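For reference, work_13.txt (compact mmCIF, C-alpha atoms):
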```txt
# COMPACT_ATOMS: atom_id res chain seq x y z
CA MET A 1 0.00 0.00 0.00
CA SER A 2 2.51 2.54 1.20
CA ASN A 3 4.69 2.25 -1.89
CA LYS A 4 1.79 3.64 -3.94
CA LEU A 5 1.67 6.79 -1.89
CA LYS A 6 3.94 9.68 -2.63
CA ALA A 7 5.73 11.39 0.25
CA THR A 8 8.41 14.00 -0.45
CA GLY A 9 11.95 13.83 0.92
CA GLU A 10 11.38 16.58 3.46
CA GLN A 11 8.15 14.92 4.58
CA LEU A 12 9.93 11.61 5.17
CA ALA A 13 12.82 13.33 6.98
CA TYR A 14 10.33 15.13 9.23
CA ALA A 15 8.43 11.89 9.85
CA ARG A 16 11.56 9.92 10.78
CA LEU A 17 12.77 12.52 13.27
CA LEU A 18 9.27 12.92 14.72
CA ASP A 19 9.07 9.15 15.12
CA TYR A 20 12.33 8.97 17.11
CA GLY A 21 11.47 12.04 19.19
CA MET A 22 7.95 10.88 19.95
CA LYS A 23 9.11 7.44 21.10
CA ALA A 24 11.91 8.89 23.22
CA GLY A 25 9.48 11.38 24.78
CA LEU A 26 6.98 8.66 25.53
CA LEU A 27 9.67 6.58 27.24
CA ILE A 28 10.85 9.56 29.31
CA LEU A 29 7.26 10.30 30.35
CA VAL A 30 6.63 6.73 31.51
CA LEU A 31 9.91 6.53 33.43
CA THR A 32 9.52 9.91 35.16
CA PHE A 33 5.91 9.13 36.04
CA VAL A 34 6.99 5.84 37.67
CA VAL A 35 9.54 7.79 39.73
CA TYR A 36 6.78 10.21 40.73
CA VAL A 37 4.06 7.74 41.73
CA LEU A 38 6.48 5.41 43.55
CA GLY A 39 7.69 8.40 45.57
CA LEU A 40 11.33 7.80 44.66
CA LEU A 41 11.81 11.57 44.81
CA PRO A 42 9.98 13.99 47.11
CA SER A 43 7.09 15.85 45.44
CA HIS A 44 6.53 19.60 45.58
CA ILE A 45 2.81 18.89 46.01
CA PRO A 46 2.17 15.65 47.92
CA LEU A 47 -0.08 13.23 45.99
CA ASP A 48 -2.67 13.28 48.78
CA ASP A 49 -3.00 17.08 48.57
CA ILE A 50 -3.52 17.40 44.81
CA SER A 51 -7.32 17.21 44.97
CA LYS A 52 -7.31 20.46 46.98
CA TYR A 53 -6.03 22.35 43.94
CA TRP A 54 -8.15 20.85 41.13
CA SER A 55 -10.82 23.49 41.22
CA LEU A 56 -8.48 26.48 41.53
CA SER A 57 -7.77 28.89 38.70
CA VAL A 58 -4.23 28.92 37.33
CA HIS A 59 -3.42 32.11 39.22
CA ASP A 60 -4.73 30.81 42.56
CA TYR A 61 -3.10 27.40 41.99
CA LEU A 62 0.33 28.94 41.38
CA LYS A 63 -0.05 31.22 44.40
CA ALA A 64 -1.24 28.42 46.72
CA THR A 65 1.54 26.05 45.66
CA ASN A 66 4.28 28.67 45.43
CA ILE A 67 5.10 27.66 41.85
CA HIS A 68 6.89 30.24 39.71
CA THR A 69 6.26 30.69 36.00
CA GLY A 70 8.72 30.46 33.10
CA TRP A 71 11.57 27.98 33.03
CA SER A 72 11.78 27.89 36.83
CA TRP A 73 10.45 24.31 36.63
CA LEU A 74 13.96 23.34 35.48
CA LEU A 75 15.25 24.18 38.97
CA MET A 76 12.64 21.86 40.48
CA LEU A 77 13.50 18.70 38.53
CA ASN A 78 14.69 17.14 41.78
CA ARG A 79 11.01 16.94 42.79
CA GLY A 80 9.06 13.90 41.58
CA ASP A 81 6.13 15.90 40.20
CA PHE A 82 8.28 18.44 38.38
CA LEU A 83 10.48 15.71 36.92
CA ASN A 84 7.46 14.94 34.71
CA PHE A 85 7.75 18.41 33.19
CA PHE A 86 10.94 17.24 31.49
CA GLY A 87 9.14 14.59 29.41
CA ILE A 88 6.30 16.98 28.57
CA ALA A 89 8.73 19.72 27.55
CA PHE A 90 10.75 17.18 25.54
CA LEU A 91 7.62 16.25 23.57
CA ALA A 92 6.75 19.92 23.09
CA GLY A 93 10.28 20.47 21.74
CA VAL A 94 10.24 17.67 19.16
CA THR A 95 8.34 19.73 16.58
CA ILE A 96 10.92 22.53 16.78
CA VAL A 97 13.73 20.06 16.06
CA CYS A 98 11.75 18.58 13.13
CA TYR A 99 11.35 22.04 11.63
CA LEU A 100 15.04 22.77 11.99
CA ARG A 101 15.69 19.49 10.16
CA ILE A 102 13.62 20.38 7.07
CA ILE A 103 14.85 23.95 6.59
CA PRO A 104 18.12 22.86 4.88
CA ILE A 105 16.19 20.39 2.71
CA PHE A 106 13.91 23.16 1.43
CA LEU A 107 16.92 25.44 0.87
CA LYS A 108 18.75 22.71 -1.05
CA LYS A 109 15.70 22.29 -3.27
CA LYS A 110 15.57 26.09 -3.71
CA ASP A 111 12.04 26.00 -2.31
CA LEU A 112 12.44 29.42 -0.74
CA VAL A 113 8.79 30.00 0.20
CA TYR A 114 8.61 26.83 2.28
CA ALA A 115 12.08 27.43 3.70
CA ILE A 116 10.90 30.85 4.93
CA LEU A 117 7.66 29.34 6.27
CA ALA A 118 9.68 26.74 8.19
CA ILE A 119 12.10 29.37 9.56
CA LEU A 120 9.20 31.59 10.69
CA GLU A 121 7.43 28.62 12.29
CA SER A 122 10.61 27.70 14.16
CA LEU A 123 10.84 31.27 15.45
CA VAL A 124 7.19 31.25 16.58
CA LEU A 125 7.70 27.97 18.44
CA LEU A 126 10.96 29.19 19.99
CA LEU A 127 9.20 32.36 21.14
CA ALA A 128 6.44 30.30 22.74
CA ALA A 129 9.01 28.05 24.40
CA SER A 130 11.13 30.96 25.61
CA GLY A 131 8.81 31.75 28.49
CA LEU A 132 8.87 35.43 27.56
CA LEU A 133 5.11 35.44 27.01
CA LYS A 134 3.12 35.84 30.19
CA THR A 135 -0.55 35.80 31.07
CA GLY A 136 -2.29 37.54 33.90
CA GLY A 137 -4.31 34.49 34.87
CA HIS A 138 -7.66 35.10 36.53
CA MET B 139 -2.69 16.58 25.37
CA ALA B 140 -3.77 17.33 21.83
CA VAL B 141 -0.11 17.77 20.97
CA SER B 142 0.85 14.35 22.30
CA GLY B 143 -1.75 12.50 20.22
CA ALA B 144 -0.75 14.42 17.14
CA LEU B 145 2.95 13.73 17.73
CA ALA B 146 2.25 10.00 18.03
CA ALA B 147 0.09 9.90 14.90
CA GLY B 148 2.29 12.21 12.83
CA PRO B 149 5.08 9.84 11.73
CA GLY B 150 2.69 7.18 10.43
CA LEU B 151 0.47 9.67 8.63
CA LEU B 152 3.41 11.46 7.02
CA LYS B 153 5.18 8.28 5.94
CA MET B 154 1.99 6.96 4.32
CA GLY B 155 1.58 10.25 2.48
CA MET B 156 -1.88 10.65 3.96
CA ALA B 157 -0.93 13.80 5.88
CA ASP B 158 0.63 16.37 3.57
CA LEU B 159 3.45 18.61 4.76
CA ARG B 160 2.93 21.22 2.02
CA LEU B 161 -0.77 21.45 2.82
CA ALA B 162 -0.09 21.73 6.55
CA LEU B 163 2.79 24.22 6.72
CA PRO B 164 1.14 27.53 5.67
CA GLY B 165 -1.90 27.03 7.91
CA ALA B 166 0.32 25.77 10.72
CA LEU B 167 2.39 28.96 10.77
CA ILE B 168 -0.69 31.18 10.97
CA ALA B 169 -2.49 28.99 13.50
CA SER B 170 0.49 28.45 15.80
CA ALA B 171 1.25 32.17 15.99
CA CYS B 172 -2.41 32.80 16.83
CA ALA B 173 -2.49 29.86 19.28
CA ILE B 174 -0.03 31.76 21.47
CA VAL B 175 -2.52 34.63 21.70
CA GLY B 176 -5.34 32.13 22.29
CA ALA B 177 -3.48 30.37 25.10
CA MET B 178 -2.87 33.68 26.82
CA ILE B 179 -6.59 34.54 26.56
CA GLY B 180 -7.53 30.99 27.65
CA LEU B 181 -5.52 31.20 30.84
CA ALA B 182 -7.22 34.47 31.69
CA LEU B 183 -10.86 33.42 31.07
CA PRO B 184 -13.19 31.53 33.46
CA ALA B 185 -13.29 27.81 32.55
CA ASN B 186 -17.10 27.62 32.21
CA ILE B 187 -17.18 30.38 29.59
CA ILE B 188 -14.44 28.63 27.58
CA GLN B 189 -16.33 25.31 27.77
CA ALA B 190 -19.65 26.77 26.66
CA GLU B 191 -18.07 28.69 23.77
CA LEU B 192 -16.23 25.56 22.65
CA GLY B 193 -19.41 23.47 22.80
CA LEU B 194 -21.39 25.92 20.69
CA THR B 195 -18.59 26.21 18.12
CA ILE B 196 -18.26 22.43 17.73
CA LEU B 197 -22.03 21.94 17.41
CA CYS B 198 -22.13 24.55 14.62
CA ILE B 199 -19.41 22.59 12.80
CA VAL B 200 -21.38 19.34 13.22
CA ALA B 201 -24.34 21.01 11.50
CA ILE B 202 -22.12 22.17 8.63
CA MET B 203 -20.60 18.68 8.19
CA LEU B 204 -24.02 17.02 8.20
CA LEU B 205 -25.28 19.37 5.49
CA ALA B 206 -22.15 19.02 3.31
CA LYS B 207 -22.32 16.78 0.27
CA LYS B 208 -19.52 14.74 -1.30
CA SER B 209 -17.21 15.49 1.60
CA GLU B 210 -15.31 12.19 1.21
CA PHE B 211 -13.96 13.28 -2.18
CA PRO B 212 -14.88 16.95 -2.73
CA GLU B 213 -15.00 18.27 -6.29
CA VAL B 214 -12.34 20.88 -6.99
CA PRO B 215 -12.83 22.06 -10.59
CA LYS B 216 -9.67 24.16 -10.63
CA ALA B 217 -6.84 24.72 -8.16
CA ASP B 218 -6.53 28.37 -7.12
CA ALA B 219 -3.48 30.47 -8.00
CA LEU B 220 -1.97 30.42 -4.51
CA SER B 221 -2.14 26.64 -4.04
CA THR B 222 -0.73 26.20 -7.56
CA ALA B 223 2.17 28.51 -6.75
CA LEU B 224 2.80 26.67 -3.47
CA ARG B 225 2.46 23.31 -5.26
CA ILE B 226 -0.09 22.04 -2.77
CA ASN B 227 -1.48 18.89 -4.33
CA GLY B 228 -0.93 15.19 -4.00
CA ILE B 229 -1.82 11.60 -4.69
CA TYR B 230 -3.64 9.72 -2.02
CA TYR B 231 -4.08 5.96 -2.10
CA GLU B 232 -7.48 4.78 -0.90
CA PRO B 233 -7.10 1.19 0.32
CA SER B 234 -10.84 0.58 0.61
CA THR B 235 -11.28 1.06 -3.16
CA GLU B 236 -7.67 0.29 -4.12
CA GLN B 237 -7.51 3.51 -6.12
CA GLU B 238 -5.08 6.39 -6.29
CA VAL B 239 -6.86 9.69 -5.84
CA ASN B 240 -5.29 12.83 -7.30
CA TRP B 241 -6.24 15.82 -5.22
CA LYS B 242 -5.83 19.57 -5.44
CA ILE B 243 -7.30 22.42 -3.43
CA HIS B 244 -9.02 25.76 -3.89
CA ARG B 245 -10.04 28.80 -1.78
CA THR B 246 -6.56 28.80 -0.20
CA PRO B 247 -6.51 32.51 0.80
CA GLN B 248 -9.90 32.23 2.54
CA ALA B 249 -8.81 29.06 4.33
CA LEU B 250 -5.57 30.64 5.52
CA ALA B 251 -7.58 33.56 6.91
CA THR B 252 -9.78 31.07 8.76
CA PHE B 253 -6.67 29.54 10.35
CA ILE B 254 -6.22 32.83 12.27
CA LEU B 255 -9.50 32.14 14.06
CA ILE B 256 -8.69 28.44 14.45
CA GLY B 257 -5.32 29.24 16.00
CA VAL B 258 -6.81 31.60 18.57
CA MET B 259 -9.49 29.06 19.51
CA ALA B 260 -7.00 26.15 19.62
CA GLY B 261 -4.81 28.04 22.05
CA MET B 262 -7.75 29.34 24.07
CA PHE B 263 -9.37 25.94 24.58
CA GLY B 264 -6.05 24.08 24.99
CA LEU B 265 -7.69 21.14 23.29
CA GLY B 266 -6.46 21.06 19.75
CA ALA B 267 -8.61 22.16 16.86
CA GLY B 268 -9.21 19.04 14.78
CA TRP B 269 -12.91 19.92 14.93
CA ALA B 270 -12.08 23.12 13.04
CA ASN B 271 -9.16 21.98 10.86
CA VAL B 272 -11.03 19.10 9.23
CA PRO B 273 -13.97 21.20 7.95
CA VAL B 274 -11.61 23.90 6.64
CA LEU B 275 -9.30 21.46 4.86
CA ASN B 276 -12.15 19.27 3.59
CA LEU B 277 -15.16 21.51 2.99
CA MET B 278 -13.46 24.83 2.29
CA MET B 279 -10.24 23.81 0.55
CA GLY B 280 -11.57 20.60 -1.02
CA ALA B 281 -8.96 18.10 0.18
CA PRO B 282 -10.27 14.49 0.42
CA LEU B 283 -11.71 13.66 3.85
CA LYS B 284 -8.96 11.21 4.83
CA VAL B 285 -6.21 13.62 3.75
CA SER B 286 -8.00 16.33 5.74
CA VAL B 287 -8.30 14.19 8.88
CA ALA B 288 -4.65 13.08 8.63
CA THR B 289 -3.28 16.55 7.84
CA SER B 290 -5.42 18.06 10.60
CA LYS B 291 -4.00 15.59 13.10
CA PHE B 292 -0.49 16.44 11.98
CA LEU B 293 -1.28 20.17 12.06
CA LEU B 294 -2.19 19.87 15.72
CA SER B 295 1.34 18.71 16.53
CA ILE B 296 2.56 22.08 15.27
CA THR B 297 -0.14 24.58 16.23
CA ASP B 298 -0.72 23.27 19.71
CA THR B 299 3.00 22.99 20.46
CA SER B 300 3.11 26.76 20.82
CA ALA B 301 0.10 26.71 23.16
CA ALA B 302 1.59 23.79 25.12
CA TRP B 303 4.71 25.85 25.86
CA ILE B 304 2.59 28.67 27.25
CA TYR B 305 0.83 26.23 29.60
CA ILE B 306 4.12 24.53 30.61
CA ASN B 307 5.84 27.83 31.32
CA ASN B 308 2.85 29.01 33.33
CA GLY B 309 3.11 25.94 35.54
CA ALA B 310 -0.46 24.99 34.57
CA VAL B 311 0.24 21.25 34.44
CA LEU B 312 -0.78 18.62 37.02
CA PRO B 313 1.39 15.58 36.21
CA ILE B 314 -0.87 13.09 38.02
CA LEU B 315 -3.67 13.99 35.58
CA VAL B 316 -1.71 14.94 32.50
CA VAL B 317 0.88 12.18 32.14
CA PRO B 318 -1.47 9.14 32.13
CA SER B 319 -3.71 11.01 29.69
CA ILE B 320 -0.79 11.81 27.38
CA VAL B 321 0.47 8.21 27.39
CA GLY B 322 -3.04 6.88 26.70
CA ILE B 323 -3.69 9.39 23.93
CA MET B 324 -0.33 8.63 22.30
CA LEU B 325 -0.89 4.88 22.30
CA GLY B 326 -4.46 5.36 21.06
CA SER B 327 -3.28 7.66 18.28
CA ILE B 328 -0.79 5.09 17.00
CA VAL B 329 -3.66 2.57 16.72
CA GLY B 330 -5.94 5.22 15.22
CA VAL B 331 -3.53 5.87 12.34
CA ARG B 332 -3.82 2.22 11.26
CA ILE B 333 -7.61 2.37 11.42
CA LEU B 334 -7.71 5.63 9.43
CA ALA B 335 -5.60 4.10 6.66
CA LYS B 336 -7.93 1.11 6.20
CA ALA B 337 -11.39 2.46 7.05
CA ARG B 338 -13.87 3.55 4.41
CA PRO B 339 -14.09 7.34 3.98
CA THR B 340 -17.83 7.28 4.71
CA ALA B 341 -17.18 5.51 8.02
CA ILE B 342 -14.58 8.16 8.86
CA ARG B 343 -17.14 10.89 8.08
CA TYR B 344 -19.71 9.45 10.47
CA MET B 345 -17.02 8.83 13.09
CA VAL B 346 -15.88 12.46 12.87
CA ILE B 347 -19.47 13.75 13.08
CA GLY B 348 -20.33 11.40 15.99
CA LEU B 349 -17.26 12.35 18.01
CA LEU B 350 -17.76 16.05 17.34
CA LEU B 351 -21.40 15.81 18.40
CA PHE B 352 -20.43 14.11 21.66
CA ALA B 353 -17.55 16.53 22.34
CA GLY B 354 -19.67 19.58 21.49
CA LEU B 355 -22.61 18.54 23.69
CA ARG B 356 -20.32 17.60 26.55
CA ALA B 357 -18.43 20.90 26.44
CA LEU B 358 -21.65 22.93 26.23
CA LEU B 359 -23.30 21.05 29.11
CA LYS B 360 -20.15 21.39 31.21
CA GLY B 361 -20.00 25.09 30.47
CA LEU B 362 -23.63 25.49 31.53
CA GLY B 363 -22.96 23.50 34.71
CA ILE B 364 -25.35 20.67 33.72
CA TRP B 365 -22.62 18.02 33.19
CA ARG B 366 -20.39 17.65 36.23
```

Show how you would write the structure in this file as structure tokens.
Amino acid sequence: MSNKLKATGEQLAYARLLDYGMKAGLLILVLTFVVYVLGLLPSHIPLDDISKYWSLSVHDYLKATNIHTGWSWLLMLNRGDFLNFFGIAFLAGVTIVCYLRIIPIFLKKKDLVYAILAILESLVLLLAASGLLKTGGH
Amino acid sequence: MAVSGALAAGPGLLKMGMADLRLALPGALIASACAIVGAMIGLALPANIIQAELGLTILCIVAIMLLAKKSEFPEVPKADALSTALRINGIYYEPSTEQEVNWKIHRTPQALATFILIGVMAGMFGLGAGWANVPVLNLMMGAPLKVSVATSKFLLSITDTSAAWIYINNGAVLPILVVPSIVGIMLGSIVGVRILAKARPTAIRYMVIGLLLFAGLRALLKGLGIWR
């Protein structure tokens, strides 16, 4: 079946990298979650207390749990719950890497429009990941 | 969560040629930029208002999909100038009929404008916007239904990545709830790709409509405080 379908070189390159990244991210998520639920590392929010925060708004939740915004979660990776942020962030970063992979392919093919689209998309995703964008919460 | 399912489904859909990178990229850029704005609005709005708005939007799309004719293989008499210049077209192999389907698209500028709205809503609801992508790709642009479903799924991996970063960097993630959901969605998406490849387009249409109807009603009832 698949040999009858036409996928371009850049599409296959993107797919291959996405495949590796997705599987690695999934593995990291499972491993870090096991660490968390088995209590191998202390949690910032004890498992028994989580239900207290379910109904809170983001603003109230962050205030009540003393969690800071931005990349500050990186400094809390020694906590079981925040260790899970690594796997989630890894998955959220895979698309950026895939885009960076296809930019040179588009340039090599002299497909300037798509090369520019891919560069702009990478910049948008990097801006979102930078943590520079804040919300007021409610 | 929408990102995780899309990431898991993406490789299979792209390798099969069912999701199309050239079709996805222009809309993805517009939608992901707007998803950042949407995520910032979403974090600042009361949850019940977001739920009710989402429910109403999805139910409107269900009505449009039910009224649409020939949505499995829409008729596109002539590709528009923009899609021709961007070389957005393809060949899609339909296993259920064992036929290769040549497809092209039209109304590209209007569809790209619609992706602004889709991006804002995707970010705002934090749910992914397959319910909006599929009708735009299929009914507005004229891509075959399966190509639309596959490309929409792939699109989510891009557009919602930007929104996901906003939520991560705002600390708005509860691992005990999020991680099992992500793992389940990823495994389910890998299975779903295989089903999408083999299922009849008509079955996919009814599946999409059925799921949208359920999701739309649920979101609306939750927003109104009836479903708890």

Could you list, as an NGL selection string, every residue within 10 Å of range 271-280 of chain B, counting all atoms listed in the file and ignoring same-chain residues fewer than 3 positions away? :B and (161-162 or 165 or 199-200 or 202-203 or 206-215 or 217-218 or 221 or 241-250 or 252-253 or 256-257 or 260 or 266-268 or 283-291 or 293-294 or 346)

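With all atoms listed in the file as the atoms that count, the minimum distance from Ile229 in chain B to the choices B:Leu194, B:Leu163, B:Met154, B:Leu359 is reached by B:Met154.
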
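Nearest to Lys63 in chain A of all the residues B:Thr235, B:Asn227, B:Asn308, B:Gln189 is B:Asn308, based on all atoms listed in the file.
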
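Separating CA of Asn84 in chain A from CA of Val58 in chain A is a distance of 18.4 Å.
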
Each chain B residue no farther than 7 Å from chain A, nearest pair in Å, only C-alpha atoms, as a Markdown table:
```
| residue | atom | partner | partner_atom | distance |
| --- | --- | --- | --- | --- |
| B:Leu145 | CA | A:Met22 | CA | 6.2 |
| B:Ala146 | CA | A:Met22 | CA | 6.1 |
| B:Gly148 | CA | A:Ala15 | CA | 6.8 |
| B:Pro149 | CA | A:Ala15 | CA | 4.4 |
| B:Leu152 | CA | A:Ala15 | CA | 5.8 |
| B:Lys153 | CA | A:Leu12 | CA | 5.9 |
| B:Met154 | CA | A:Ser2 | CA | 5.4 |
| B:Gly155 | CA | A:Ala7 | CA | 4.8 |
| B:Leu159 | CA | A:Gln11 | CA | 6.0 |
| B:Pro164 | CA | A:Leu117 | CA | 6.8 |
| B:Leu167 | CA | A:Glu121 | CA | 5.3 |
| B:Ala171 | CA | A:Val124 | CA | 6.0 |
| B:Ile174 | CA | A:Ala128 | CA | 6.8 |
| B:Met178 | CA | A:Thr135 | CA | 5.3 |
| B:Leu181 | CA | A:Gly137 | CA | 5.3 |
| B:Ala182 | CA | A:Gly137 | CA | 4.3 |
| B:Leu183 | CA | A:His138 | CA | 6.5 |
| B:Ile229 | CA | A:Lys6 | CA | 6.4 |
| B:Tyr230 | CA | A:Leu5 | CA | 6.1 |
| B:Tyr231 | CA | A:Leu5 | CA | 5.8 |
| B:Ile296 | CA | A:Thr95 | CA | 6.4 |
| B:Thr299 | CA | A:Ala92 | CA | 5.5 |
| B:Ser300 | CA | A:Ala128 | CA | 5.2 |
| B:Ala302 | CA | A:Ala92 | CA | 6.8 |
| B:Trp303 | CA | A:Ala129 | CA | 5.0 |
| B:Ile304 | CA | A:Ala128 | CA | 6.1 |
| B:Asn307 | CA | A:Gly70 | CA | 4.3 |
| B:Asn308 | CA | A:Thr69 | CA | 4.6 |
| B:Gly309 | CA | A:Thr69 | CA | 5.7 |
| B:Ala310 | CA | A:Val58 | CA | 6.1 |
| B:Pro313 | CA | A:Asp81 | CA | 6.2 |
| B:Val317 | CA | A:Leu29 | CA | 6.9 |
| B:Val321 | CA | A:Leu26 | CA | 6.8 |
```

Selection above as a file: C-alpha atoms, as a PDB file, keeping the file's coordinate frame:
```pdb
ATOM      1  CA  LEU B 145       2.950  13.730  17.730  1.00  0.00           C
ATOM      2  CA  ALA B 146       2.250  10.000  18.030  1.00  0.00           C
ATOM      3  CA  GLY B 148       2.290  12.210  12.830  1.00  0.00           C
ATOM      4  CA  PRO B 149       5.080   9.840  11.730  1.00  0.00           C
ATOM      5  CA  LEU B 152       3.410  11.460   7.020  1.00  0.00           C
ATOM      6  CA  LYS B 153       5.180   8.280   5.940  1.00  0.00           C
ATOM      7  CA  MET B 154       1.990   6.960   4.320  1.00  0.00           C
ATOM      8  CA  GLY B 155       1.580  10.250   2.480  1.00  0.00           C
ATOM      9  CA  LEU B 159       3.450  18.610   4.760  1.00  0.00           C
ATOM     10  CA  PRO B 164       1.140  27.530   5.670  1.00  0.00           C
ATOM     11  CA  LEU B 167       2.390  28.960  10.770  1.00  0.00           C
ATOM     12  CA  ALA B 171       1.250  32.170  15.990  1.00  0.00           C
ATOM     13  CA  ILE B 174      -0.030  31.760  21.470  1.00  0.00           C
ATOM     14  CA  MET B 178      -2.870  33.680  26.820  1.00  0.00           C
ATOM     15  CA  LEU B 181      -5.520  31.200  30.840  1.00  0.00           C
ATOM     16  CA  ALA B 182      -7.220  34.470  31.690  1.00  0.00           C
ATOM     17  CA  LEU B 183     -10.860  33.420  31.070  1.00  0.00           C
ATOM     18  CA  ILE B 229      -1.820  11.600  -4.690  1.00  0.00           C
ATOM     19  CA  TYR B 230      -3.640   9.720  -2.020  1.00  0.00           C
ATOM     20  CA  TYR B 231      -4.080   5.960  -2.100  1.00  0.00           C
ATOM     21  CA  ILE B 296       2.560  22.080  15.270  1.00  0.00           C
ATOM     22  CA  THR B 299       3.000  22.990  20.460  1.00  0.00           C
ATOM     23  CA  SER B 300       3.110  26.760  20.820  1.00  0.00           C
ATOM     24  CA  ALA B 302       1.590  23.790  25.120  1.00  0.00           C
ATOM     25  CA  TRP B 303       4.710  25.850  25.860  1.00  0.00           C
ATOM     26  CA  ILE B 304       2.590  28.670  27.250  1.00  0.00           C
ATOM     27  CA  ASN B 307       5.840  27.830  31.320  1.00  0.00           C
ATOM     28  CA  ASN B 308       2.850  29.010  33.330  1.00  0.00           C
ATOM     29  CA  GLY B 309       3.110  25.940  35.540  1.00  0.00           C
ATOM     30  CA  ALA B 310      -0.460  24.990  34.570  1.00  0.00           C
ATOM     31  CA  PRO B 313       1.390  15.580  36.210  1.00  0.00           C
ATOM     32  CA  VAL B 317       0.880  12.180  32.140  1.00  0.00           C
ATOM     33  CA  VAL B 321       0.470   8.210  27.390  1.00  0.00           C
TER      34      VAL B 321
END
```

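One finds CA of Pro104 in chain A at 26.3 Å from CA of Ala219 in chain B.
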
Interatomic distance (Å, one decimal) between CA of Lys336 in chain B and CA of Glu232 in chain B: 8.0 Å

Give the answer as one residue: which of B:Leu351, B:Ile320, B:Ala166, B:Leu362 has the shortest atom-to-atom distance to Ile188 in chain B, using only C-alpha atoms? B:Leu362

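Using only C-alpha atoms for every distance, the candidate list B:Val175, B:Ala201, B:Leu325, B:Ala270 yields B:Leu325 as the residue closest to Ala147 in chain B.
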